[in-house]
$ cat start-v4.cif   # mmCIF, C-alpha atoms
data_entry
#
loop_
_atom_site.label_atom_id
_atom_site.label_comp_id
_atom_site.auth_asym_id
_atom_site.auth_seq_id
_atom_site.Cartn_x
_atom_site.Cartn_y
_atom_site.Cartn_z
CA ASP A 212 -4.62 0.61 9.94
CA ALA A 213 -3.62 4.24 10.24
CA LYS A 214 -5.98 6.52 8.32
CA THR A 215 -5.58 9.77 6.45
CA THR A 216 -8.13 12.35 5.37
CA GLN A 217 -7.74 14.39 2.20
CA PRO A 218 -10.03 16.67 0.18
CA ASN A 219 -11.58 14.87 -2.76
CA SER A 220 -10.45 17.41 -5.32
CA MET A 221 -8.55 20.66 -5.76
CA GLU A 222 -7.83 23.03 -8.61
CA SER A 223 -4.79 25.13 -9.33
CA ASN A 224 -3.66 27.48 -12.04
CA GLU A 225 -0.60 26.56 -14.04
CA GLU A 226 2.69 28.01 -12.76
CA GLU A 227 1.21 28.68 -9.32
CA PRO A 228 2.05 26.85 -6.07
CA VAL A 229 -0.29 24.13 -4.82
CA HIS A 230 -0.75 23.09 -1.21
CA LEU A 231 -2.34 19.66 -0.78
CA PRO A 232 -3.41 19.02 2.83
CA CYS A 233 -3.64 15.73 4.69
CA ASN A 234 -4.91 14.99 8.19
CA HIS A 235 -3.62 11.98 10.09
CA SER A 236 -4.66 12.47 13.70
CA THR A 237 -4.07 8.80 14.65
CA ILE A 238 -0.46 8.76 13.50
CA SER A 239 1.95 6.89 15.74
CA GLY A 240 5.46 7.97 16.60
CA THR A 241 7.09 5.61 14.13
CA ASP A 242 4.80 6.09 11.13
CA TYR A 243 6.39 7.77 8.15
CA ILE A 244 4.21 10.05 6.01
CA HIS A 245 4.42 9.13 2.35
CA TRP A 246 2.97 10.87 -0.70
CA TYR A 247 2.36 9.12 -3.98
CA ARG A 248 0.62 10.37 -7.09
CA GLN A 249 -1.15 8.53 -9.85
CA LEU A 250 -1.29 9.94 -13.35
CA PRO A 251 -4.10 8.77 -15.64
CA SER A 252 -3.68 5.12 -16.70
CA GLN A 253 -0.45 4.76 -14.71
CA GLY A 254 0.53 3.06 -11.51
CA PRO A 255 1.21 5.28 -8.48
CA GLU A 256 4.61 6.93 -8.31
CA TYR A 257 6.55 8.09 -5.29
CA VAL A 258 6.64 11.80 -4.58
CA ILE A 259 8.16 12.35 -1.15
CA HIS A 260 8.15 11.09 2.43
CA GLY A 261 9.15 12.26 5.88
CA LEU A 262 8.95 11.55 9.59
CA THR A 263 9.15 14.79 11.58
CA SER A 264 11.13 17.41 9.74
CA ASN A 265 10.12 19.19 6.56
CA VAL A 266 11.53 17.57 3.43
CA ASN A 267 12.40 18.86 -0.01
CA ASN A 268 13.21 17.05 -3.22
CA ARG A 269 13.16 17.86 -6.90
CA MET A 270 9.45 17.15 -7.19
CA ALA A 271 7.94 18.74 -4.11
CA SER A 272 8.22 19.79 -0.51
CA LEU A 273 6.58 18.17 2.50
CA ALA A 274 5.63 20.29 5.48
CA ILE A 275 4.83 18.29 8.63
CA ALA A 276 3.00 19.85 11.54
CA GLU A 277 4.83 19.91 14.86
CA ASP A 278 2.33 17.49 16.42
CA ARG A 279 2.50 15.34 13.24
CA LYS A 280 -1.28 15.18 13.02
CA SER A 281 -1.28 16.85 9.63
CA SER A 282 0.99 17.47 6.68
CA THR A 283 0.98 19.44 3.44
CA LEU A 284 2.45 18.51 0.10
CA ILE A 285 3.67 21.57 -1.74
CA LEU A 286 4.15 21.72 -5.49
CA HIS A 287 6.02 24.95 -6.03
CA ARG A 288 4.94 25.59 -9.63
CA ALA A 289 2.15 23.41 -10.90
CA THR A 290 2.31 22.27 -14.50
CA LEU A 291 -0.30 20.48 -16.60
CA ARG A 292 1.72 17.28 -16.09
CA ASP A 293 1.06 17.50 -12.35
CA ALA A 294 -2.64 16.77 -12.86
CA ALA A 295 -3.09 13.51 -10.99
CA VAL A 296 -4.58 11.89 -7.90
CA TYR A 297 -2.33 12.54 -4.89
CA TYR A 298 -2.34 10.02 -2.06
CA CYS A 299 -1.18 10.72 1.48
CA ILE A 300 -0.20 7.44 3.16
CA LEU A 301 0.95 6.41 6.59
CA ARG A 302 3.19 3.41 6.33
CA ASP A 303 1.56 1.06 8.84
CA ASP A 304 4.07 -0.77 10.95
CA ARG A 305 2.75 -0.35 14.46
CA THR A 306 0.97 -3.58 15.15
CA SER A 307 1.86 -6.22 12.64
CA GLY A 308 5.27 -5.19 11.40
CA THR A 309 4.08 -5.54 7.84
CA TYR A 310 4.96 -1.98 6.75
CA LYS A 311 1.98 -1.78 4.44
CA TYR A 312 1.13 1.14 2.18
CA ILE A 313 -2.58 1.77 2.82
CA PHE A 314 -4.10 4.07 0.22
CA GLY A 315 -7.16 6.25 0.80
CA THR A 316 -9.20 7.90 -1.94
CA GLY A 317 -6.69 10.70 -2.49
CA THR A 318 -7.05 14.24 -3.83
CA ARG A 319 -7.67 14.72 -7.53
CA LEU A 320 -5.66 17.76 -8.61
CA LYS A 321 -6.80 19.63 -11.67
CA VAL A 322 -4.36 22.13 -13.19
CA LEU A 323 -5.86 24.90 -15.27
CA ALA A 324 -3.91 26.36 -18.20
CA GLU B 1467 17.06 0.77 -14.22
CA ALA B 1468 14.15 -1.34 -15.46
CA GLY B 1469 10.89 -0.80 -13.66
CA VAL B 1470 8.27 -3.24 -12.43
CA ALA B 1471 6.99 -5.26 -15.37
CA GLN B 1472 3.45 -6.59 -15.51
CA SER B 1473 1.62 -8.63 -18.10
CA PRO B 1474 -0.78 -8.70 -19.72
CA ARG B 1475 -1.78 -5.03 -19.85
CA TYR B 1476 -5.39 -5.84 -20.60
CA LYS B 1477 -7.54 -8.93 -20.16
CA ILE B 1478 -11.22 -9.56 -20.85
CA ILE B 1479 -12.79 -12.77 -19.55
CA GLU B 1480 -16.24 -14.12 -18.88
CA LYS B 1481 -17.42 -14.63 -15.33
CA ARG B 1482 -16.50 -18.00 -13.84
CA GLN B 1483 -13.38 -18.19 -16.02
CA SER B 1484 -9.86 -18.19 -14.64
CA VAL B 1485 -7.16 -15.58 -15.16
CA ALA B 1486 -3.55 -15.09 -14.13
CA PHE B 1487 -1.39 -11.99 -13.92
CA TRP B 1488 2.38 -11.92 -13.89
CA CYS B 1489 4.76 -9.48 -12.21
CA ASN B 1490 8.52 -9.11 -12.46
CA PRO B 1491 9.77 -6.73 -9.74
CA ILE B 1492 12.85 -4.55 -9.87
CA SER B 1493 15.98 -6.65 -9.57
CA GLY B 1494 17.09 -7.03 -5.96
CA HIS B 1495 13.79 -5.95 -4.43
CA ALA B 1496 12.79 -8.32 -1.66
CA THR B 1497 9.30 -6.96 -0.98
CA LEU B 1498 6.49 -7.39 -3.49
CA TYR B 1499 2.91 -6.15 -3.26
CA TRP B 1500 -0.26 -6.87 -5.22
CA TYR B 1501 -2.99 -4.24 -5.17
CA GLN B 1502 -6.50 -4.15 -6.61
CA GLN B 1503 -7.78 -0.78 -7.82
CA ILE B 1504 -11.46 -0.50 -8.64
CA LEU B 1505 -12.41 2.46 -10.82
CA GLY B 1506 -12.62 5.66 -8.79
CA GLN B 1507 -11.00 4.17 -5.69
CA GLY B 1508 -7.51 4.07 -4.25
CA PRO B 1509 -5.46 0.87 -4.54
CA LYS B 1510 -6.34 -1.85 -2.03
CA LEU B 1511 -3.58 -4.15 -0.82
CA LEU B 1512 -4.29 -7.81 -1.55
CA ILE B 1513 -1.05 -9.52 -0.57
CA GLN B 1514 2.48 -8.65 0.43
CA PHE B 1515 5.55 -10.88 0.05
CA GLN B 1516 8.98 -10.66 1.59
CA ASN B 1517 11.20 -12.79 -0.65
CA ASN B 1518 9.06 -15.91 -1.17
CA GLY B 1519 7.16 -15.67 2.10
CA VAL B 1520 3.75 -14.08 2.65
CA VAL B 1521 3.86 -11.16 5.10
CA ASP B 1522 0.23 -10.13 4.86
CA ASP B 1523 -2.71 -11.54 2.92
CA SER B 1524 -5.52 -10.43 5.20
CA GLN B 1525 -7.40 -8.67 2.36
CA LEU B 1526 -7.01 -11.46 -0.19
CA PRO B 1527 -10.30 -13.28 -0.97
CA LYS B 1528 -8.76 -16.68 -0.55
CA ASP B 1529 -11.75 -18.60 -1.85
CA ARG B 1530 -10.98 -17.35 -5.37
CA PHE B 1531 -7.68 -15.47 -5.34
CA SER B 1532 -4.24 -17.00 -4.96
CA ALA B 1533 -0.74 -15.67 -5.34
CA GLU B 1534 2.73 -17.08 -5.27
CA ARG B 1535 6.26 -15.83 -5.52
CA LEU B 1536 8.40 -18.81 -6.27
CA LYS B 1537 12.15 -18.27 -5.76
CA GLY B 1538 11.43 -14.84 -4.34
CA VAL B 1539 11.53 -13.04 -7.68
CA ASP B 1540 8.57 -13.15 -10.12
CA SER B 1541 5.04 -13.41 -8.84
CA THR B 1542 1.69 -14.52 -10.22
CA LEU B 1543 -1.78 -13.60 -9.04
CA LYS B 1544 -4.63 -15.90 -10.03
CA ILE B 1545 -8.38 -15.54 -9.88
CA GLN B 1546 -10.51 -18.66 -10.17
CA PRO B 1547 -13.41 -18.34 -10.78
CA ALA B 1548 -13.76 -14.67 -11.67
CA LYS B 1549 -16.78 -12.59 -10.69
CA LEU B 1550 -18.08 -9.39 -12.24
CA GLU B 1551 -16.91 -7.42 -9.21
CA ASP B 1552 -13.31 -8.48 -9.86
CA SER B 1553 -13.19 -6.00 -12.76
CA ALA B 1554 -10.36 -3.69 -11.75
CA VAL B 1555 -6.75 -2.77 -12.38
CA TYR B 1556 -4.33 -5.10 -10.65
CA LEU B 1557 -1.13 -3.34 -9.66
CA CYS B 1558 2.15 -4.93 -8.67
CA ALA B 1559 4.74 -3.00 -6.69
CA SER B 1560 8.13 -3.75 -5.24
CA SER B 1561 10.46 -2.17 -2.72
CA LEU B 1562 13.99 -2.87 -1.60
CA ASP B 1563 12.99 -4.60 1.60
CA LEU B 1564 10.44 -4.58 4.37
CA VAL B 1565 11.99 -2.53 7.09
CA SER B 1566 14.06 0.14 5.44
CA ASP B 1567 11.94 3.13 4.62
CA THR B 1568 12.41 3.23 0.89
CA GLU B 1569 9.89 3.96 -1.78
CA ALA B 1570 7.73 1.42 -3.54
CA PHE B 1571 7.80 1.23 -7.32
CA PHE B 1572 4.61 0.35 -9.15
CA GLY B 1573 4.01 -1.30 -12.48
CA GLN B 1574 1.49 0.04 -14.99
CA GLY B 1575 -1.03 -2.59 -13.95
CA THR B 1576 -3.26 -5.13 -15.66
CA ARG B 1577 -6.76 -3.96 -16.45
CA LEU B 1578 -9.19 -6.85 -16.00
CA THR B 1579 -12.71 -6.73 -17.36
CA VAL B 1580 -15.09 -9.53 -16.36
CA VAL B 1581 -18.20 -9.77 -18.53
#

$ encode --input "start-v4.cif" --output "structure tokens"
Amino acid sequence: DAKTTQPNSMESNEEEPVHLPCNHSTISGTDYIHWYRQLPSQGPEYVIHGLTSNVNNRMASLAIAEDRKSSTLILHRATLRDAAVYYCILRDDRTSGTYKYIFGTGTRLKVLA
Amino acid sequence: EAGVAQSPRYKIIEKRQSVAFWCNPISGHATLYWYQQILGQGPKLLIQFQNNGVVDDSQLPKDRFSAERLKGVDSTLKIQPAKLEDSAVYLCASSLDLVSDTEAFFGQGTRLTVV
């Protein structure tokens, strides 16, 4: 299964941008990069995903390195409600065709008021 | 649009007892996943269905865990007999289908405590 590496935790001040990094050096050409977040006592929720180009949506932006071995989730203005565990996931479809979402341990984001 | 429904929300059982969890995915979603999330860890995939067929169950402890998705809609996950280490949140998720790159939607989970 494709693996990702993320820092265990990060802190940010409210109203400031947050850059959450993810390394995925074993990514294959067809793996999409997905980001999910999990608020306390909730199931994970989708944030954003991309393949090669940078992506923007109402929640965040995703910057993907040219070699695709790393990516960064950008929250433009962190709020207290953004405090969560953020998971960077490669959707595994290379070998088995099962298109699994394999979660790592994620980055716990703490937002300071 | 209704989300993924799971029940019960909480369950406490003694070790060696049996327990079952139920999941109703979003209407029209062909792919259904069951995950186990132990406290402090990321979710671990147990089993993945496409309609009523199993796509992947390589991480399912088949000596005690079973799952089914009759008629390709609702799904149940059963543990029999339960062990202390099965204490976790069991998450159900669904997505539109297997191959199109759409997001997965997760339920709130069932928190199981085995004592």

$ interface_residues --input "start-v4.cif" --of "chain B" --to "chain A" --cutoff "6 Å" --atoms "all atoms listed in the file" --output "PyMOL selection string"
chain B and resi 1507-1509+1572-1574

$ residues_around --input "start-v4.cif" --residues "region 1486-1501 of chain B" --least-positions-apart "2" --cutoff "9 Å" --atoms "only C-alpha atoms" --output "MDAnalysis selection string"
(chainID A and resid 311) or (chainID B and resid 1467:1474 1484 1503 1509:1518 1533 1535 1538:1546 1555:1564 1570:1573 1576)

$ resolve_selection --input "start-v4.cif" --expression "the PyMOL selection byres ((chain A and resi 262-272) around 9)" --output "VMD selection string"
chain A and resid 240 to 245 258 to 261 273 to 279 283 to 287

$ atom_distance --input "start-v4.cif" --atom1 "CA of Lys280 (chain A)" --atom2 "CA of Asn234 (chain A)"
6.0 Å

$ residues_around --input "start-v4.cif" --residues "Thr318 (chain A)" --least-positions-apart "5" --cutoff "9 Å" --atoms "all atoms listed in the file" --output "list in words"
Gln217, Pro218, Asn219, Ser220, Met221, Leu231, Pro232, Ala295, Val296, Tyr297, Tyr298 and Cys299 of chain A

$ atom_distance --input "start-v4.cif" --atom1 "CA of Ser223 (chain A)" --atom2 "CA of Val322 (chain A)"
4.9 Å

$ resolve_selection --input "start-v4.cif" --expression "the PyMOL selection byres ((chain B and resi 1554) around 7)" --output "number ranges by chain"
B: 1502-1505, 1552-1553, 1555-1556, 1577-1579

$ atom_distance --input "start-v4.cif" --atom1 "CA of Lys1477 (chain B)" --atom2 "CA of Ser1524 (chain B)"
25.5 Å

$ closest_residue --input "start-v4.cif" --among "B:Tyr1476, B:Gly1519, B:Glu1551, B:Gln1525" --to "Lys1537 (chain B)" --atoms "all atoms listed in the file"
B:Gly1519

$ residues_around --input "start-v4.cif" --residues "Arg288 (chain A)" --least-positions-apart "4" --cutoff "6 Å" --atoms "all atoms listed in the file" --output "PyMOL selection string"
chain A and resi 226-228

$ closest_residue --input "start-v4.cif" --among "A:Cys233, A:Pro251, A:Asp293, A:Thr215" --to "Gly1506 (chain B)" --atoms "all atoms listed in the file"
A:Pro251
